[in-house]
file final04.pdb (PDB, C-alpha atoms)
ATOM      1  CA  GLN A   1     -60.405 -43.839  15.248  1.00  0.00           C
ATOM      2  CA  VAL A   2     -61.005 -46.349  12.434  1.00  0.00           C
ATOM      3  CA  VAL A   3     -61.008 -45.294   8.767  1.00  0.00           C
ATOM      4  CA  LEU A   4     -64.456 -46.113   7.365  1.00  0.00           C
ATOM      5  CA  TYR A   5     -63.842 -44.697   3.909  1.00  0.00           C
ATOM      6  CA  SER A   6     -61.102 -42.905   2.003  1.00  0.00           C
ATOM      7  CA  THR A   7     -60.556 -41.794  -1.573  1.00  0.00           C
ATOM      8  CA  ASP A   8     -57.904 -40.094  -3.667  1.00  0.00           C
ATOM      9  CA  PHE A   9     -60.516 -39.565  -6.423  1.00  0.00           C
ATOM     10  CA  GLY A  10     -59.339 -42.407  -8.596  1.00  0.00           C
ATOM     11  CA  ASN A  11     -57.033 -42.580 -11.601  1.00  0.00           C
ATOM     12  CA  THR A  12     -59.194 -41.573 -14.555  1.00  0.00           C
ATOM     13  CA  VAL A  13     -59.595 -37.891 -15.408  1.00  0.00           C
ATOM     14  CA  GLY A  14     -63.206 -36.939 -16.033  1.00  0.00           C
ATOM     15  CA  PHE A  15     -64.674 -39.778 -13.977  1.00  0.00           C
ATOM     16  CA  PHE A  16     -65.467 -39.704 -10.260  1.00  0.00           C
ATOM     17  CA  PRO A  17     -65.075 -42.858  -8.123  1.00  0.00           C
ATOM     18  CA  THR A  18     -68.074 -45.110  -7.474  1.00  0.00           C
ATOM     19  CA  GLY A  19     -70.654 -43.366  -5.315  1.00  0.00           C
ATOM     20  CA  TRP A  20     -69.657 -39.825  -6.265  1.00  0.00           C
ATOM     21  CA  ALA A  21     -71.814 -37.529  -8.410  1.00  0.00           C
ATOM     22  CA  SER A  22     -71.449 -33.939  -9.593  1.00  0.00           C
ATOM     23  CA  SER A  23     -74.586 -31.972 -10.380  1.00  0.00           C
ATOM     24  CA  ASN A  24     -72.741 -30.235 -13.229  1.00  0.00           C
ATOM     25  CA  THR A  25     -69.305 -31.339 -14.453  1.00  0.00           C
ATOM     26  CA  ILE A  26     -68.997 -28.378 -16.845  1.00  0.00           C
ATOM     27  CA  ASN A  27     -69.666 -25.480 -14.480  1.00  0.00           C
ATOM     28  CA  GLY A  28     -69.538 -27.211 -11.097  1.00  0.00           C
ATOM     29  CA  PHE A  29     -67.351 -30.015  -9.779  1.00  0.00           C
ATOM     30  CA  GLU A  30     -65.187 -31.868 -12.288  1.00  0.00           C
ATOM     31  CA  SER A  31     -62.570 -34.630 -11.996  1.00  0.00           C
ATOM     32  CA  VAL A  32     -59.233 -33.074 -12.997  1.00  0.00           C
ATOM     33  CA  VAL A  33     -55.493 -33.592 -12.682  1.00  0.00           C
ATOM     34  CA  THR A  34     -54.771 -29.855 -12.700  1.00  0.00           C
ATOM     35  CA  SER A  35     -52.711 -28.575  -9.742  1.00  0.00           C
ATOM     36  CA  PRO A  36     -52.334 -31.972  -8.031  1.00  0.00           C
ATOM     37  CA  SER A  37     -52.307 -32.157  -4.241  1.00  0.00           C
ATOM     38  CA  THR A  38     -49.079 -31.754  -2.315  1.00  0.00           C
ATOM     39  CA  GLY A  39     -47.733 -30.430   0.968  1.00  0.00           C
ATOM     40  CA  TYR A  40     -49.705 -32.405   3.574  1.00  0.00           C
ATOM     41  CA  SER A  41     -49.390 -35.933   4.927  1.00  0.00           C
ATOM     42  CA  GLY A  42     -51.225 -38.355   2.642  1.00  0.00           C
ATOM     43  CA  ALA A  43     -51.358 -36.051  -0.397  1.00  0.00           C
ATOM     44  CA  SER A  44     -51.887 -38.355  -3.400  1.00  0.00           C
ATOM     45  CA  GLY A  45     -50.661 -35.840  -5.955  1.00  0.00           C
ATOM     46  CA  SER A  46     -52.933 -36.765  -8.820  1.00  0.00           C
ATOM     47  CA  ILE A  47     -56.639 -36.508  -9.713  1.00  0.00           C
ATOM     48  CA  ASN A  48     -58.840 -34.295  -7.564  1.00  0.00           C
ATOM     49  CA  ALA A  49     -62.295 -32.712  -7.597  1.00  0.00           C
ATOM     50  CA  ARG A  50     -62.250 -29.071  -8.735  1.00  0.00           C
ATOM     51  CA  PHE A  51     -65.119 -26.603  -8.592  1.00  0.00           C
ATOM     52  CA  GLN A  52     -64.999 -24.953 -12.014  1.00  0.00           C
ATOM     53  CA  ASN A  53     -67.041 -21.890 -10.961  1.00  0.00           C
ATOM     54  CA  THR A  54     -68.292 -21.035 -14.441  1.00  0.00           C
ATOM     55  CA  GLY A  55     -71.654 -20.495 -16.101  1.00  0.00           C
ATOM     56  CA  ILE A  56     -74.670 -18.687 -14.678  1.00  0.00           C
ATOM     57  CA  ALA A  57     -73.772 -16.591 -11.649  1.00  0.00           C
ATOM     58  CA  GLY A  58     -75.802 -17.577  -8.598  1.00  0.00           C
ATOM     59  CA  ALA A  59     -76.257 -21.198  -9.695  1.00  0.00           C
ATOM     60  CA  ASN A  60     -75.700 -23.730  -6.911  1.00  0.00           C
ATOM     61  CA  HIS A  61     -73.698 -26.839  -7.845  1.00  0.00           C
ATOM     62  CA  THR A  62     -73.097 -29.888  -5.674  1.00  0.00           C
ATOM     63  CA  LEU A  63     -70.741 -32.833  -5.248  1.00  0.00           C
ATOM     64  CA  THR A  64     -72.426 -35.774  -3.513  1.00  0.00           C
ATOM     65  CA  PHE A  65     -71.024 -38.926  -1.920  1.00  0.00           C
ATOM     66  CA  ASP A  66     -73.628 -41.713  -1.694  1.00  0.00           C
ATOM     67  CA  ASN A  67     -72.081 -45.180  -1.573  1.00  0.00           C
ATOM     68  CA  ALA A  68     -73.746 -47.219   1.202  1.00  0.00           C
ATOM     69  CA  LEU A  69     -71.227 -46.115   3.823  1.00  0.00           C
ATOM     70  CA  SER A  70     -72.363 -47.772   7.045  1.00  0.00           C
ATOM     71  CA  THR A  71     -71.572 -46.132  10.385  1.00  0.00           C
ATOM     72  CA  ILE A  72     -73.324 -48.911  12.325  1.00  0.00           C
ATOM     73  CA  GLY A  73     -71.261 -49.740  15.378  1.00  0.00           C
ATOM     74  CA  TYR A  74     -69.413 -46.418  15.327  1.00  0.00           C
ATOM     75  CA  THR A  75     -69.578 -43.121  17.140  1.00  0.00           C
ATOM     76  CA  ASP A  76     -67.541 -39.915  16.771  1.00  0.00           C
ATOM     77  CA  ILE A  77     -67.874 -39.761  12.969  1.00  0.00           C
ATOM     78  CA  ARG A  78     -65.423 -37.297  11.407  1.00  0.00           C
ATOM     79  CA  VAL A  79     -64.422 -36.156   7.941  1.00  0.00           C
ATOM     80  CA  ILE A  80     -61.357 -34.356   6.565  1.00  0.00           C
ATOM     81  CA  TRP A  81     -59.946 -33.633   3.112  1.00  0.00           C
ATOM     82  CA  GLY A  82     -57.166 -31.809   1.328  1.00  0.00           C
ATOM     83  CA  VAL A  83     -58.132 -28.402  -0.054  1.00  0.00           C
ATOM     84  CA  ARG A  84     -56.723 -25.778  -2.395  1.00  0.00           C
ATOM     85  CA  THR A  85     -58.214 -22.368  -3.234  1.00  0.00           C
ATOM     86  CA  THR A  86     -57.119 -19.910  -5.896  1.00  0.00           C
ATOM     87  CA  GLY A  87     -56.508 -16.281  -5.035  1.00  0.00           C
ATOM     88  CA  THR A  88     -59.866 -15.044  -6.307  1.00  0.00           C
ATOM     89  CA  PHE A  89     -62.072 -17.718  -4.749  1.00  0.00           C
ATOM     90  CA  ILE A  90     -64.214 -16.037  -2.075  1.00  0.00           C
ATOM     91  CA  GLN A  91     -67.361 -18.162  -1.724  1.00  0.00           C
ATOM     92  CA  ASN A  92     -68.339 -20.200   1.293  1.00  0.00           C
ATOM     93  CA  VAL A  93     -68.350 -23.971   0.847  1.00  0.00           C
ATOM     94  CA  THR A  94     -71.248 -25.859   2.422  1.00  0.00           C
ATOM     95  CA  LEU A  95     -70.847 -29.419   3.724  1.00  0.00           C
ATOM     96  CA  GLU A  96     -73.998 -31.385   4.604  1.00  0.00           C
ATOM     97  CA  TRP A  97     -74.752 -34.938   5.742  1.00  0.00           C
ATOM     98  CA  SER A  98     -77.829 -37.104   5.310  1.00  0.00           C
ATOM     99  CA  SER A  99     -79.007 -40.579   6.294  1.00  0.00           C
ATOM    100  CA  ASP A 100     -81.774 -40.774   3.672  1.00  0.00           C
ATOM    101  CA  GLY A 101     -80.674 -38.588   0.752  1.00  0.00           C
ATOM    102  CA  ILE A 102     -83.701 -36.319   1.288  1.00  0.00           C
ATOM    103  CA  ASN A 103     -83.095 -34.422   4.506  1.00  0.00           C
ATOM    104  CA  TRP A 104     -79.726 -32.694   4.672  1.00  0.00           C
ATOM    105  CA  THR A 105     -78.065 -31.106   7.700  1.00  0.00           C
ATOM    106  CA  PRO A 106     -75.198 -28.569   7.430  1.00  0.00           C
ATOM    107  CA  CYS A 107     -71.889 -29.351   9.142  1.00  0.00           C
ATOM    108  CA  PRO A 108     -70.084 -26.185  10.239  1.00  0.00           C
ATOM    109  CA  PHE A 109     -66.347 -25.917   9.652  1.00  0.00           C
ATOM    110  CA  SER A 110     -63.720 -23.214   9.145  1.00  0.00           C
ATOM    111  CA  GLN A 111     -63.604 -21.887   5.586  1.00  0.00           C
ATOM    112  CA  THR A 112     -60.259 -21.985   3.797  1.00  0.00           C
ATOM    113  CA  PRO A 113     -58.978 -18.485   2.893  1.00  0.00           C
ATOM    114  CA  SER A 114     -58.531 -17.420  -0.728  1.00  0.00           C
ATOM    115  CA  GLY A 115     -55.165 -18.214  -2.276  1.00  0.00           C
ATOM    116  CA  THR A 116     -54.372 -21.153   0.011  1.00  0.00           C
ATOM    117  CA  ASP A 117     -52.111 -23.808  -1.477  1.00  0.00           C
ATOM    118  CA  TRP A 118     -52.851 -27.432  -0.672  1.00  0.00           C
ATOM    119  CA  THR A 119     -53.506 -28.042   3.019  1.00  0.00           C
ATOM    120  CA  LEU A 120     -55.974 -29.945   5.188  1.00  0.00           C
ATOM    121  CA  VAL A 121     -59.392 -28.379   5.595  1.00  0.00           C
ATOM    122  CA  ASN A 122     -60.580 -26.895   8.895  1.00  0.00           C
ATOM    123  CA  GLY A 123     -57.044 -26.083   9.980  1.00  0.00           C
ATOM    124  CA  GLY A 124     -56.149 -29.775   9.886  1.00  0.00           C
ATOM    125  CA  ILE A 125     -58.775 -30.672  12.507  1.00  0.00           C
ATOM    126  CA  PRO A 126     -61.244 -33.382  11.363  1.00  0.00           C
ATOM    127  CA  ILE A 127     -64.791 -32.057  11.038  1.00  0.00           C
ATOM    128  CA  GLN A 128     -67.043 -33.622  13.664  1.00  0.00           C
ATOM    129  CA  LEU A 129     -70.415 -34.869  12.420  1.00  0.00           C
ATOM    130  CA  PRO A 130     -73.335 -34.823  14.887  1.00  0.00           C
ATOM    131  CA  ALA A 131     -74.617 -37.882  16.740  1.00  0.00           C
ATOM    132  CA  GLY A 132     -77.326 -38.371  14.109  1.00  0.00           C
ATOM    133  CA  ALA A 133     -74.628 -39.506  11.650  1.00  0.00           C
ATOM    134  CA  GLU A 134     -73.773 -42.447  13.904  1.00  0.00           C
ATOM    135  CA  ASN A 135     -75.277 -45.927  13.435  1.00  0.00           C
ATOM    136  CA  VAL A 136     -76.808 -45.262  10.015  1.00  0.00           C
ATOM    137  CA  SER A 137     -76.708 -47.743   7.134  1.00  0.00           C
ATOM    138  CA  ASN A 138     -75.870 -45.191   4.451  1.00  0.00           C
ATOM    139  CA  LEU A 139     -74.146 -41.964   5.433  1.00  0.00           C
ATOM    140  CA  ARG A 140     -74.174 -39.448   2.601  1.00  0.00           C
ATOM    141  CA  LEU A 141     -72.163 -36.238   2.271  1.00  0.00           C
ATOM    142  CA  ARG A 142     -72.736 -33.267  -0.014  1.00  0.00           C
ATOM    143  CA  TRP A 143     -70.627 -30.225  -0.851  1.00  0.00           C
ATOM    144  CA  SER A 144     -72.223 -27.183  -2.478  1.00  0.00           C
ATOM    145  CA  ILE A 145     -70.878 -23.879  -3.821  1.00  0.00           C
ATOM    146  CA  ILE A 146     -72.615 -20.970  -5.549  1.00  0.00           C
ATOM    147  CA  VAL A 147     -71.092 -19.790  -8.850  1.00  0.00           C
ATOM    148  CA  ASN A 148     -69.608 -16.309  -9.110  1.00  0.00           C
ATOM    149  CA  ASN A 149     -67.262 -17.009 -12.065  1.00  0.00           C
ATOM    150  CA  THR A 150     -64.106 -16.157 -10.124  1.00  0.00           C
ATOM    151  CA  GLY A 151     -61.605 -18.698  -8.782  1.00  0.00           C
ATOM    152  CA  ASN A 152     -61.547 -22.418  -8.057  1.00  0.00           C
ATOM    153  CA  TYR A 153     -61.870 -24.752  -5.070  1.00  0.00           C
ATOM    154  CA  GLN A 154     -60.251 -28.205  -5.095  1.00  0.00           C
ATOM    155  CA  ILE A 155     -60.803 -31.308  -2.952  1.00  0.00           C
ATOM    156  CA  ASP A 156     -58.598 -34.390  -2.619  1.00  0.00           C
ATOM    157  CA  ASP A 157     -57.739 -37.258  -0.261  1.00  0.00           C
ATOM    158  CA  LEU A 158     -60.974 -37.415   1.689  1.00  0.00           C
ATOM    159  CA  VAL A 159     -61.082 -39.564   4.839  1.00  0.00           C
ATOM    160  CA  ILE A 160     -64.105 -40.491   6.962  1.00  0.00           C
ATOM    161  CA  ASP A 161     -63.413 -42.179  10.282  1.00  0.00           C
ATOM    162  CA  GLY A 162     -65.219 -43.220  13.442  1.00  0.00           C
ATOM    163  CA  LEU A 163     -64.733 -44.688  16.889  1.00  0.00           C
ATOM    164  CA  LEU A 164     -65.540 -48.403  17.073  1.00  0.00           C
ATOM    165  CA  VAL A 165     -68.123 -49.366  19.682  1.00  0.00           C
ATOM    166  CA  SER A 166     -67.610 -52.694  21.446  1.00  0.00           C
ATOM    167  CA  GLY A 167     -69.247 -55.510  19.513  1.00  0.00           C
ATOM    168  CA  GLY A 168     -68.279 -54.338  16.040  1.00  0.00           C
ATOM    169  CA  SER A 169     -65.710 -55.779  13.662  1.00  0.00           C
ATOM    170  CA  SER A 170     -62.055 -56.140  14.591  1.00  0.00           C
ATOM    171  CA  SER A 171     -59.231 -55.512  12.131  1.00  0.00           C
ATOM    172  CA  SER A 172     -57.982 -59.052  12.821  1.00  0.00           C
ATOM    173  CA  ASP A 173     -61.323 -60.710  11.910  1.00  0.00           C
ATOM    174  CA  TYR A 174     -62.035 -62.858   8.863  1.00  0.00           C
ATOM    175  CA  PHE A 175     -63.573 -60.816   6.030  1.00  0.00           C
ATOM    176  CA  ARG A 176     -65.650 -61.708   2.992  1.00  0.00           C
ATOM    177  CA  SER A 177     -67.409 -59.567   0.414  1.00  0.00           C
ATOM    178  CA  ARG A 178     -71.198 -59.381   0.755  1.00  0.00           C
ATOM    179  CA  GLN A 179     -71.872 -57.511  -2.496  1.00  0.00           C
ATOM    180  CA  SER A 180     -70.079 -55.976  -5.421  1.00  0.00           C
ATOM    181  CA  GLY A 181     -69.007 -52.467  -4.610  1.00  0.00           C
ATOM    182  CA  ASN A 182     -66.279 -50.261  -3.248  1.00  0.00           C
ATOM    183  CA  TRP A 183     -63.449 -51.989  -1.373  1.00  0.00           C
ATOM    184  CA  ASN A 184     -63.203 -48.910   0.858  1.00  0.00           C
ATOM    185  CA  ALA A 185     -66.850 -49.084   2.018  1.00  0.00           C
ATOM    186  CA  SER A 186     -67.569 -51.251   5.073  1.00  0.00           C
ATOM    187  CA  ALA A 187     -71.061 -51.969   3.699  1.00  0.00           C
ATOM    188  CA  SER A 188     -69.396 -54.134   1.020  1.00  0.00           C
ATOM    189  CA  TRP A 189     -68.088 -56.604   3.632  1.00  0.00           C
ATOM    190  CA  GLU A 190     -69.029 -59.106   6.309  1.00  0.00           C
ATOM    191  CA  SER A 191     -66.704 -60.005   9.175  1.00  0.00           C
ATOM    192  CA  SER A 192     -66.339 -62.895  11.597  1.00  0.00           C
ATOM    193  CA  ALA A 193     -64.191 -63.477  14.655  1.00  0.00           C
ATOM    194  CA  ASP A 194     -64.330 -67.272  14.224  1.00  0.00           C
ATOM    195  CA  ASN A 195     -64.924 -67.760  10.468  1.00  0.00           C
ATOM    196  CA  MET A 196     -68.384 -69.214  11.267  1.00  0.00           C
ATOM    197  CA  ASN A 197     -70.616 -66.462  12.638  1.00  0.00           C
ATOM    198  CA  TRP A 198     -70.812 -63.457  10.338  1.00  0.00           C
ATOM    199  CA  ILE A 199     -71.995 -59.872  10.805  1.00  0.00           C
ATOM    200  CA  GLN A 200     -72.112 -56.835   8.552  1.00  0.00           C
ATOM    201  CA  ALA A 201     -68.617 -55.383   8.812  1.00  0.00           C
ATOM    202  CA  THR A 202     -68.138 -52.101  10.615  1.00  0.00           C
ATOM    203  CA  LEU A 203     -64.734 -51.469   9.059  1.00  0.00           C
ATOM    204  CA  ILE A 204     -62.890 -52.410   5.879  1.00  0.00           C
ATOM    205  CA  PRO A 205     -60.348 -55.263   5.676  1.00  0.00           C
ATOM    206  CA  THR A 206     -56.642 -54.508   5.846  1.00  0.00           C
ATOM    207  CA  ALA A 207     -53.417 -56.491   5.932  1.00  0.00           C
ATOM    208  CA  THR A 208     -54.114 -57.426   9.574  1.00  0.00           C
ATOM    209  CA  ALA A 209     -57.223 -59.474   8.659  1.00  0.00           C
ATOM    210  CA  GLN A 210     -57.064 -63.270   9.130  1.00  0.00           C
ATOM    211  CA  THR A 211     -58.355 -63.820   5.590  1.00  0.00           C
ATOM    212  CA  ILE A 212     -60.067 -61.728   2.931  1.00  0.00           C
ATOM    213  CA  VAL A 213     -62.398 -63.548   0.524  1.00  0.00           C
ATOM    214  CA  VAL A 214     -63.879 -61.696  -2.455  1.00  0.00           C
TER
END
call {"tool": "encode", "arguments": {"input": "final04.pdb", "output": "structure tokens"}}
result
Amino acid sequence: QVVLYSTDFGNTVGFFPTGWASSNTINGFESVVTSPSTGYSGASGSINARFQNTGIAGANHTLTFDNALSTIGYTDIRVIWGVRTTGTFIQNVTLEWSSDGINWTPCPFSQTPSGTDWTLVNGGIPIQLPAGAENVSNLRLRWSIIVNNTGNYQIDDLVIDGLLVSGGSSSSDYFRSRQSGNWNASASWESSADNMNWIQATLIPTATAQTIVV
């Protein structure tokens, strides 16, 4: 599996990373440093996204990721994140994916019990997205929770990965930026095996790249 995108939710309280949007930062999802992540491999231990669960009971609030994440050249798209629930949090959390931002499809996964300290969601097993999430130019994800004014749900250290299909980028390719944007989004990059013929990158550059030009 190749990491297509990852985030630890940045380093500025009150502001989500590029491509993230909360429908209501007062009553819904907010960027906080409260109860930082710990206890699982890769826990960043700082800012995270917390569902405040306040305001009008029955209101549905969302957290959306929409940052030109390309899955072109990849199959077996999966997502996983760190999660923490307080003892009184009892709602179900809905995860959906979309290729157009209009039509959304739920992704089933195991709900995290109330009162669970930081751990990886879905029992530590990456959540498998359906085949429709493969080979799209902009994969979007959306979390939604209905307010009941009792308890909190926190998200941190999200990772989206996929299985590279032959013909895509290689980690040892040459890389150059194709637009301003998120370093951790493959759509921001082009890659080349020979530094002459370029394609839209299907993964992000790392230390194994021949060169990285911004």
call {"tool": "resolve_selection", "arguments": {"input": "final04.pdb", "expression": "the PyMOL selection byres ((chain A and resi 181-198) around 10)", "output": "ChimeraX atom specification"}}
result
/A:3-7,17-19,67-72,137-138,168-180,199-206,209-214
call {"tool": "residues_near_point", "arguments": {"input": "final04.pdb", "point": "(-82.0, -40.4, 14.5)", "cutoff": "12 Å", "atoms": "only C-alpha atoms", "output": "list in words"}}
result
Ser98, Ser99, Asp100, Asn103, Pro130, Ala131, Gly132, Ala133, Glu134, Asn135, Val136 and Ser137 of chain A
call {"tool": "atom_distance", "arguments": {"input": "final04.pdb", "atom1": "CA of Phe89 (chain A)", "atom2": "CA of Gly42 (chain A)"}}
result
24.5 Å
call {"tool": "residues_around", "arguments": {"input": "final04.pdb", "residues": "region 108-123 of chain A", "least_positions_apart": "3", "cutoff": "12 Å", "atoms": "all atoms listed in the file", "output": "ChimeraX atom specification"}}
result
/A:35-45,48,78-97,105,126-130,143,150-159
call {"tool": "residues_around", "arguments": {"input": "final04.pdb", "residues": "Trp20 (chain A)", "least_positions_apart": "2", "cutoff": "10 Å", "atoms": "all atoms listed in the file", "output": "number ranges by chain"}}
result
A: 9, 15-18, 22, 63-67, 140-142
call {"tool": "closest_residue", "arguments": {"input": "final04.pdb", "among": "A:Cys107, A:Ile102, A:Val13, A:Ile145", "to": "Thr62 (chain A)", "atoms": "all atoms listed in the file"}}
result
A:Ile145
call {"tool": "residues_around", "arguments": {"input": "final04.pdb", "residues": "Ile56 (chain A)", "least_positions_apart": "2", "cutoff": "8 Å", "atoms": "only C-alpha atoms", "output": "ChimeraX atom specification"}}
result
/A:54,58-59,147-148
call {"tool": "atom_distance", "arguments": {"input": "final04.pdb", "atom1": "CA of Tyr74 (chain A)", "atom2": "CA of Gln1 (chain A)"}}
result
9.4 Å
call {"tool": "atom_distance", "arguments": {"input": "final04.pdb", "atom1": "CA of Asn149 (chain A)", "atom2": "CA of Gly101 (chain A)"}}
result
28.5 Å
call {"tool": "axis_aligned_box", "arguments": {"input": "final04.pdb", "around": "region 149-153 of chain A", "padding_each_side": "6 Å", "output": "AutoDock Vina command-line options"}}
result
--center_x -64.4 --center_y -20.5 --center_z -8.6 --size_x 17.7 --size_y 20.6 --size_z 19.0
call {"tool": "closest_residue", "arguments": {"input": "final04.pdb", "among": "A:Ser144, A:Ile47, A:Gly73, A:Asp161", "to": "Val2 (chain A)", "atoms": "all atoms listed in the file"}}
result
A:Asp161
call {"tool": "closest_residue", "arguments": {"input": "final04.pdb", "among": "A:Leu163, A:Asp76, A:Gly14, A:Ile125", "to": "Ala49 (chain A)", "atoms": "all atoms listed in the file"}}
result
A:Gly14
call {"tool": "closest_residue", "arguments": {"input": "final04.pdb", "among": "A:Glu30, A:Ile146, A:Ala21, A:Gly124", "to": "Gly55 (chain A)", "atoms": "all atoms listed in the file"}}
result
A:Ile146
call {"tool": "decode", "arguments": {"input": "final04.pdb", "residues": "region 133-141 of chain A", "atoms": "all heavy atoms", "output": "short mmCIF file (atom, residue, chain, number, x, y, z; two decimals), in the first residue's frame"}}
result
data_model
loop_
_atom_site.label_atom_id
_atom_site.label_comp_id
_atom_site.auth_asym_id
_atom_site.auth_seq_id
_atom_site.Cartn_x
_atom_site.Cartn_y
_atom_site.Cartn_z
N ALA A 133 -14.32 4.34 -5.63
CA ALA A 133 -13.38 5.35 -5.12
C ALA A 133 -12.02 5.26 -5.80
O ALA A 133 -11.17 6.12 -5.58
CB ALA A 133 -13.23 5.21 -3.61
N GLU A 134 -11.83 4.25 -6.63
CA GLU A 134 -10.57 4.09 -7.35
C GLU A 134 -10.58 4.92 -8.64
O GLU A 134 -11.63 5.15 -9.24
CB GLU A 134 -10.35 2.61 -7.70
CG GLU A 134 -10.34 1.70 -6.48
CD GLU A 134 -10.39 0.23 -6.85
OE1 GLU A 134 -10.45 -0.09 -8.06
OE2 GLU A 134 -10.41 -0.61 -5.93
N ASN A 135 -9.40 5.39 -9.04
CA ASN A 135 -9.23 6.07 -10.33
C ASN A 135 -10.15 7.29 -10.49
O ASN A 135 -10.74 7.51 -11.55
CB ASN A 135 -9.46 5.09 -11.49
CG ASN A 135 -8.31 4.12 -11.65
OD1 ASN A 135 -7.17 4.52 -11.87
ND2 ASN A 135 -8.60 2.85 -11.49
N VAL A 136 -10.27 8.07 -9.42
CA VAL A 136 -11.01 9.33 -9.50
C VAL A 136 -10.03 10.49 -9.26
O VAL A 136 -9.03 10.35 -8.56
CB VAL A 136 -12.18 9.39 -8.48
CG1 VAL A 136 -13.17 8.28 -8.75
CG2 VAL A 136 -11.68 9.32 -7.05
N SER A 137 -10.32 11.63 -9.86
CA SER A 137 -9.39 12.76 -9.79
C SER A 137 -9.48 13.53 -8.49
O SER A 137 -8.56 14.25 -8.12
CB SER A 137 -9.64 13.71 -10.96
OG SER A 137 -10.96 14.22 -10.93
N ASN A 138 -10.60 13.39 -7.78
CA ASN A 138 -10.76 14.12 -6.52
C ASN A 138 -11.63 13.31 -5.57
O ASN A 138 -12.86 13.43 -5.58
CB ASN A 138 -11.37 15.49 -6.76
CG ASN A 138 -11.41 16.35 -5.51
OD1 ASN A 138 -10.99 15.93 -4.43
ND2 ASN A 138 -11.93 17.56 -5.61
N LEU A 139 -11.00 12.49 -4.77
CA LEU A 139 -11.72 11.70 -3.77
C LEU A 139 -12.01 12.57 -2.55
O LEU A 139 -11.11 13.17 -1.96
CB LEU A 139 -10.90 10.49 -3.34
CG LEU A 139 -11.51 9.63 -2.22
CD1 LEU A 139 -12.81 8.98 -2.69
CD2 LEU A 139 -10.51 8.58 -1.75
N ARG A 140 -13.27 12.65 -2.18
CA ARG A 140 -13.69 13.43 -1.03
C ARG A 140 -14.21 12.50 0.05
O ARG A 140 -14.81 11.47 -0.24
CB ARG A 140 -14.79 14.41 -1.42
CG ARG A 140 -14.39 15.37 -2.55
CD ARG A 140 -15.63 15.91 -3.23
NE ARG A 140 -15.36 16.91 -4.24
CZ ARG A 140 -15.16 16.63 -5.54
NH1 ARG A 140 -15.15 15.36 -5.95
NH2 ARG A 140 -14.96 17.60 -6.41
N LEU A 141 -14.01 12.89 1.32
CA LEU A 141 -14.53 12.14 2.45
C LEU A 141 -15.32 13.08 3.33
O LEU A 141 -15.01 14.27 3.44
CB LEU A 141 -13.39 11.50 3.26
CG LEU A 141 -12.54 10.46 2.55
CD1 LEU A 141 -11.42 9.99 3.47
CD2 LEU A 141 -13.37 9.27 2.09
#
